[in-house]
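What follows is the content of target.pdb (PDB, C-alpha atoms).
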ATOM      1  CA  LYS A  13     104.007 111.292  99.248
ATOM      2  CA  VAL A  14     107.451 111.948  97.807
ATOM      3  CA  ASP A  15     108.696 113.102 101.213
ATOM      4  CA  LEU A  16     107.253 109.982 102.841
ATOM      5  CA  SER A  17     109.006 107.719 100.346
ATOM      6  CA  ARG A  18     112.282 109.566 100.868
ATOM      7  CA  GLU A  19     112.074 109.312 104.661
ATOM      8  CA  ARG A  20     111.214 105.604 104.584
ATOM      9  CA  ALA A  21     113.941 104.745 102.071
ATOM     10  CA  ALA A  22     116.290 103.569 104.851
ATOM     11  CA  ASP A  23     113.647 101.197 106.207
ATOM     12  CA  LEU A  24     112.599  99.974 102.780
ATOM     13  CA  ALA A  25     116.206  99.138 101.944
ATOM     14  CA  ILE A  26     116.008  96.471 104.675
ATOM     15  CA  LEU A  27     112.304  95.610 104.698
ATOM     16  CA  THR A  28     109.718  95.165 101.986
ATOM     17  CA  GLU A  29     106.683  97.433 101.932
ATOM     18  CA  GLU A  30     104.561  94.535 103.206
ATOM     19  CA  GLU A  31     106.906  93.831 106.139
ATOM     20  CA  TYR A  32     106.986  97.512 107.049
ATOM     21  CA  THR A  33     103.182  97.626 107.026
ATOM     22  CA  LYS A  34     102.979  94.505 109.202
ATOM     23  CA  ILE A  35     105.362  96.031 111.755
ATOM     24  CA  MET A  36     103.282  99.210 111.902
ATOM     25  CA  ILE A  37     100.057  97.209 112.302
ATOM     26  CA  PHE A  38     101.628  95.109 115.071
ATOM     27  CA  TYR A  39     102.688  98.114 117.125
ATOM     28  CA  CYS A  40      99.410  99.955 116.508
ATOM     29  CA  SER A  41      97.563  96.922 117.861
ATOM     30  CA  PHE A  42      99.995  96.941 120.797
ATOM     31  CA  ILE A  43      98.984 100.560 121.475
ATOM     32  CA  GLN A  44      95.308  99.600 121.213
ATOM     33  CA  VAL A  45      95.639  96.753 123.725
ATOM     34  CA  LEU A  46      97.745  98.918 126.036
ATOM     35  CA  GLY A  47      95.107 101.637 125.983
ATOM     36  CA  GLU A  48      92.315  99.152 126.643
ATOM     37  CA  GLN A  49      94.195  97.649 129.588
ATOM     38  CA  LEU A  50      94.758 101.129 131.012
ATOM     39  CA  LYS A  51      91.044 101.895 130.474
ATOM     40  CA  LEU A  52      91.733 104.916 128.286
ATOM     41  CA  ARG A  53      89.181 106.564 126.023
ATOM     42  CA  GLN A  54      89.355 105.585 122.358
ATOM     43  CA  GLN A  55      90.232 109.182 121.469
ATOM     44  CA  VAL A  56      93.396 108.928 123.577
ATOM     45  CA  ILE A  57      94.321 105.609 121.940
ATOM     46  CA  ALA A  58      93.718 107.049 118.470
ATOM     47  CA  SER A  59      95.924 110.050 119.230
ATOM     48  CA  ALA A  60      98.691 107.727 120.441
ATOM     49  CA  THR A  61      98.467 105.765 117.193
ATOM     50  CA  VAL A  62      98.681 108.965 115.153
ATOM     51  CA  PHE A  63     101.729 110.135 117.142
ATOM     52  CA  PHE A  64     103.374 106.757 116.575
ATOM     53  CA  LYS A  65     102.746 106.770 112.817
ATOM     54  CA  ARG A  66     103.807 110.392 112.414
ATOM     55  CA  PHE A  67     107.058 109.777 114.238
ATOM     56  CA  TYR A  68     107.971 106.866 111.984
ATOM     57  CA  SER A  69     106.866 108.711 108.868
ATOM     58  CA  MET A  70     109.791 111.071 109.525
ATOM     59  CA  ASN A  71     112.247 108.714 111.263
ATOM     60  CA  SER A  72     113.650 105.285 110.636
ATOM     61  CA  LEU A  73     112.557 102.281 112.670
ATOM     62  CA  ASN A  74     116.182 102.003 113.786
ATOM     63  CA  SER A  75     116.197 105.474 115.342
ATOM     64  CA  VAL A  76     114.019 104.561 118.357
ATOM     65  CA  ASP A  77     112.812 101.150 119.502
ATOM     66  CA  PRO A  78     109.074 100.907 118.685
ATOM     67  CA  LEU A  79     108.570  99.013 121.939
ATOM     68  CA  LEU A  80     109.737 102.142 123.779
ATOM     69  CA  LEU A  81     107.918 104.615 121.558
ATOM     70  CA  ALA A  82     104.493 102.914 121.778
ATOM     71  CA  PRO A  83     103.999 103.464 125.535
ATOM     72  CA  THR A  84     105.588 106.896 125.216
ATOM     73  CA  CYS A  85     102.934 107.849 122.666
ATOM     74  CA  VAL A  86     100.204 106.541 124.989
ATOM     75  CA  PHE A  87     101.617 108.594 127.856
ATOM     76  CA  LEU A  88     101.875 111.731 125.703
ATOM     77  CA  SER A  89      98.403 111.367 124.235
ATOM     78  CA  SER A  90      96.865 110.956 127.693
ATOM     79  CA  LYS A  91      98.352 114.329 128.594
ATOM     80  CA  VAL A  92      97.456 116.025 125.300
ATOM     81  CA  GLU A  93      93.858 114.793 125.411
ATOM     82  CA  GLU A  94      93.651 115.890 129.075
ATOM     83  CA  PHE A  95      92.702 112.408 130.210
ATOM     84  CA  GLY A  96      94.955 112.519 133.229
ATOM     85  CA  VAL A  97      98.467 111.424 133.923
ATOM     86  CA  ILE A  98      99.268 107.730 133.870
ATOM     87  CA  SER A  99     101.883 106.782 136.446
ATOM     88  CA  ASN A 100     105.144 105.420 135.067
ATOM     89  CA  THR A 101     104.937 102.334 137.272
ATOM     90  CA  ARG A 102     101.437 101.486 136.072
ATOM     91  CA  LEU A 103     102.432 102.002 132.434
ATOM     92  CA  ILE A 104     105.546  99.817 132.736
ATOM     93  CA  ASN A 105     103.702  97.060 134.609
ATOM     94  CA  THR A 106     100.902  97.058 132.037
ATOM     95  CA  CYS A 107     103.420  96.848 129.174
ATOM     96  CA  SER A 108     105.130  93.886 130.850
ATOM     97  CA  THR A 109     101.806  92.137 131.383
ATOM     98  CA  ILE A 110     100.710  92.679 127.791
ATOM     99  CA  ILE A 111     103.994  91.383 126.378
ATOM    100  CA  LYS A 112     103.824  88.262 128.554
ATOM    101  CA  ASN A 113     100.142  87.478 128.037
ATOM    102  CA  LYS A 114      98.873  88.872 124.735
ATOM    103  CA  PHE A 115     101.957  89.305 122.560
ATOM    104  CA  ASN A 116     104.060  86.382 123.783
ATOM    105  CA  TYR A 117     103.975  84.871 120.271
ATOM    106  CA  ALA A 118     106.084  87.767 118.980
ATOM    107  CA  PHE A 119     108.692  87.820 121.741
ATOM    108  CA  GLN A 120     111.032  85.178 123.128
ATOM    109  CA  ASN A 121     110.052  83.166 126.162
ATOM    110  CA  GLY A 122     110.886  85.012 129.328
ATOM    111  CA  TYR A 123     111.100  88.343 127.492
ATOM    112  CA  ASP A 124     110.331  91.220 129.813
ATOM    113  CA  PHE A 125     109.688  94.867 129.027
ATOM    114  CA  PRO A 126     113.287  96.165 128.926
ATOM    115  CA  TYR A 127     112.623  99.804 129.811
ATOM    116  CA  ARG A 128     112.151 101.127 133.339
TER
END

Full structure transcribed into structure tokens:
Amino acid sequence: KVDLSRERAADLAILTEEEYTKIMIFYCSFIQVLGEQLKLRQQVIASATVFFKRFYSMNSLNSVDPLLLAPTCVFLSSKVEEFGVISNTRLINTCSTIIKNKFNYAFQNGYDFPYR
């Protein structure tokens, strides 16, 4: 717990604990919706969420864009759980669709998935 507090000190200097928790919940729900759209097993989605949380327990939110790390965790967990490889094109297109349709309230109008 002490290590966790020390690692998150940079984030908590900018955000409150409540804001940090809301950001983590938002991106975990993004991973959940992404996994459901890709028709992944719940075990794969859960592993992706764990990878995401573990990464940010040791790194600042500023180190890597969570919008890039979320699909990366889904891709990695599909390989680790031996679900099968998800094509990059399908993953990127699904992320774009989710941002436009389900999470449009959190992003600006016309916002597109910036990573290719």

Under the rule that all atoms listed in the file are counted, which of A:Ala60, A:Met70, A:Ile104, A:Val86 is the nearest residue to A:Asp23?
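The answer is A:Met70, which sits nearest to A:Asp23.
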
Identify which of the residues A:Ser99, A:Gln55, A:Asn116, A:Ser17 lies closest to A:Thr84, counting all atoms listed in the file when measuring atom-to-atom distances.
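Closest to A:Thr84, using all atoms listed in the file: A:Ser99.
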
Residue nearest A:Thr106 - candidates A:Glu94, A:Glu19, A:Asp77, A:Glu48, atoms counted: all atoms listed in the file:
A:Glu48

Using only C-alpha atoms, which protein or nucleic acid residues come within 12 Å of A:Ala21? Drop anything in the same chain fewer than 6 positions from it, and give the result as a ChimeraX atom specification.
/A:14-15,27-29,32,68-73

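Summary of the local environment: counting only C-alpha atoms, residues at most 9 Å from A:Glu93, other than itself and those fewer than 5 positions away along its chain, are Gln55, Val56, Ser59 and Leu88 of chain A.
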
One number please: atom CA of A:Asn100 to atom CA of A:Lys65, in Å, one decimal.
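We find that atom CA of A:Asn100 and atom CA of A:Lys65 lie 22.4 Å from each other.
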
Given the file shown, enumerate the residues that the PyMOL selection byres ((chain A and resi 43) around 12) captures and present them as a ChimeraX atom specification.
/A:36-42,44-50,52,54,56-65,78-87,89,103,106-107,110-111,115

Output C-alpha atoms for every residue in that selection, as a PDB file, in the frame of the given file.
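Done, and the output landed in out.pdb:
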ATOM      1  CA  MET A  36     103.282  99.210 111.902  1.00  0.00           C
ATOM      2  CA  ILE A  37     100.057  97.209 112.302  1.00  0.00           C
ATOM      3  CA  PHE A  38     101.628  95.109 115.071  1.00  0.00           C
ATOM      4  CA  TYR A  39     102.688  98.114 117.125  1.00  0.00           C
ATOM      5  CA  CYS A  40      99.410  99.955 116.508  1.00  0.00           C
ATOM      6  CA  SER A  41      97.563  96.922 117.861  1.00  0.00           C
ATOM      7  CA  PHE A  42      99.995  96.941 120.797  1.00  0.00           C
ATOM      8  CA  GLN A  44      95.308  99.600 121.213  1.00  0.00           C
ATOM      9  CA  VAL A  45      95.639  96.753 123.725  1.00  0.00           C
ATOM     10  CA  LEU A  46      97.745  98.918 126.036  1.00  0.00           C
ATOM     11  CA  GLY A  47      95.107 101.637 125.983  1.00  0.00           C
ATOM     12  CA  GLU A  48      92.315  99.152 126.643  1.00  0.00           C
ATOM     13  CA  GLN A  49      94.195  97.649 129.588  1.00  0.00           C
ATOM     14  CA  LEU A  50      94.758 101.129 131.012  1.00  0.00           C
ATOM     15  CA  LEU A  52      91.733 104.916 128.286  1.00  0.00           C
ATOM     16  CA  GLN A  54      89.355 105.585 122.358  1.00  0.00           C
ATOM     17  CA  VAL A  56      93.396 108.928 123.577  1.00  0.00           C
ATOM     18  CA  ILE A  57      94.321 105.609 121.940  1.00  0.00           C
ATOM     19  CA  ALA A  58      93.718 107.049 118.470  1.00  0.00           C
ATOM     20  CA  SER A  59      95.924 110.050 119.230  1.00  0.00           C
ATOM     21  CA  ALA A  60      98.691 107.727 120.441  1.00  0.00           C
ATOM     22  CA  THR A  61      98.467 105.765 117.193  1.00  0.00           C
ATOM     23  CA  VAL A  62      98.681 108.965 115.153  1.00  0.00           C
ATOM     24  CA  PHE A  63     101.729 110.135 117.142  1.00  0.00           C
ATOM     25  CA  PHE A  64     103.374 106.757 116.575  1.00  0.00           C
ATOM     26  CA  LYS A  65     102.746 106.770 112.817  1.00  0.00           C
ATOM     27  CA  PRO A  78     109.074 100.907 118.685  1.00  0.00           C
ATOM     28  CA  LEU A  79     108.570  99.013 121.939  1.00  0.00           C
ATOM     29  CA  LEU A  80     109.737 102.142 123.779  1.00  0.00           C
ATOM     30  CA  LEU A  81     107.918 104.615 121.558  1.00  0.00           C
ATOM     31  CA  ALA A  82     104.493 102.914 121.778  1.00  0.00           C
ATOM     32  CA  PRO A  83     103.999 103.464 125.535  1.00  0.00           C
ATOM     33  CA  THR A  84     105.588 106.896 125.216  1.00  0.00           C
ATOM     34  CA  CYS A  85     102.934 107.849 122.666  1.00  0.00           C
ATOM     35  CA  VAL A  86     100.204 106.541 124.989  1.00  0.00           C
ATOM     36  CA  PHE A  87     101.617 108.594 127.856  1.00  0.00           C
ATOM     37  CA  SER A  89      98.403 111.367 124.235  1.00  0.00           C
ATOM     38  CA  LEU A 103     102.432 102.002 132.434  1.00  0.00           C
ATOM     39  CA  THR A 106     100.902  97.058 132.037  1.00  0.00           C
ATOM     40  CA  CYS A 107     103.420  96.848 129.174  1.00  0.00           C
ATOM     41  CA  ILE A 110     100.710  92.679 127.791  1.00  0.00           C
ATOM     42  CA  ILE A 111     103.994  91.383 126.378  1.00  0.00           C
ATOM     43  CA  PHE A 115     101.957  89.305 122.560  1.00  0.00           C
TER      44      PHE A 115
END

Mind pulling up the distance from atom CA of A:Lys51 to atom CA of A:Ser108?
16.2 Å

Any idea what the distance is between atom CA of A:Val97 and atom CA of A:Asn113?
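According to the coordinates, atom CA of A:Val97 and atom CA of A:Asn113 are separated by 24.7 Å.
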
Distance query A:Asp124 at most 9 Å, all atoms listed in the file, self and fewer than 2 positions along chain excluded, as a list in words:
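The neighbour list is Cys107, Ser108, Thr109, Ile111, Lys112, Phe119, Asn121, Gly122, Pro126 and Tyr127 of chain A.
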
Could you work out an axis-aligned box for stretch 73-83 of chain A, taking every atom the file lists and adding 4 Å on each side, and report centre and edge lengths in Å to one decimal, as AutoDock Vina command-line options?
--center_x 110.1 --center_y 102.2 --center_z 119.1 --size_x 20.2 --size_y 14.5 --size_z 20.9
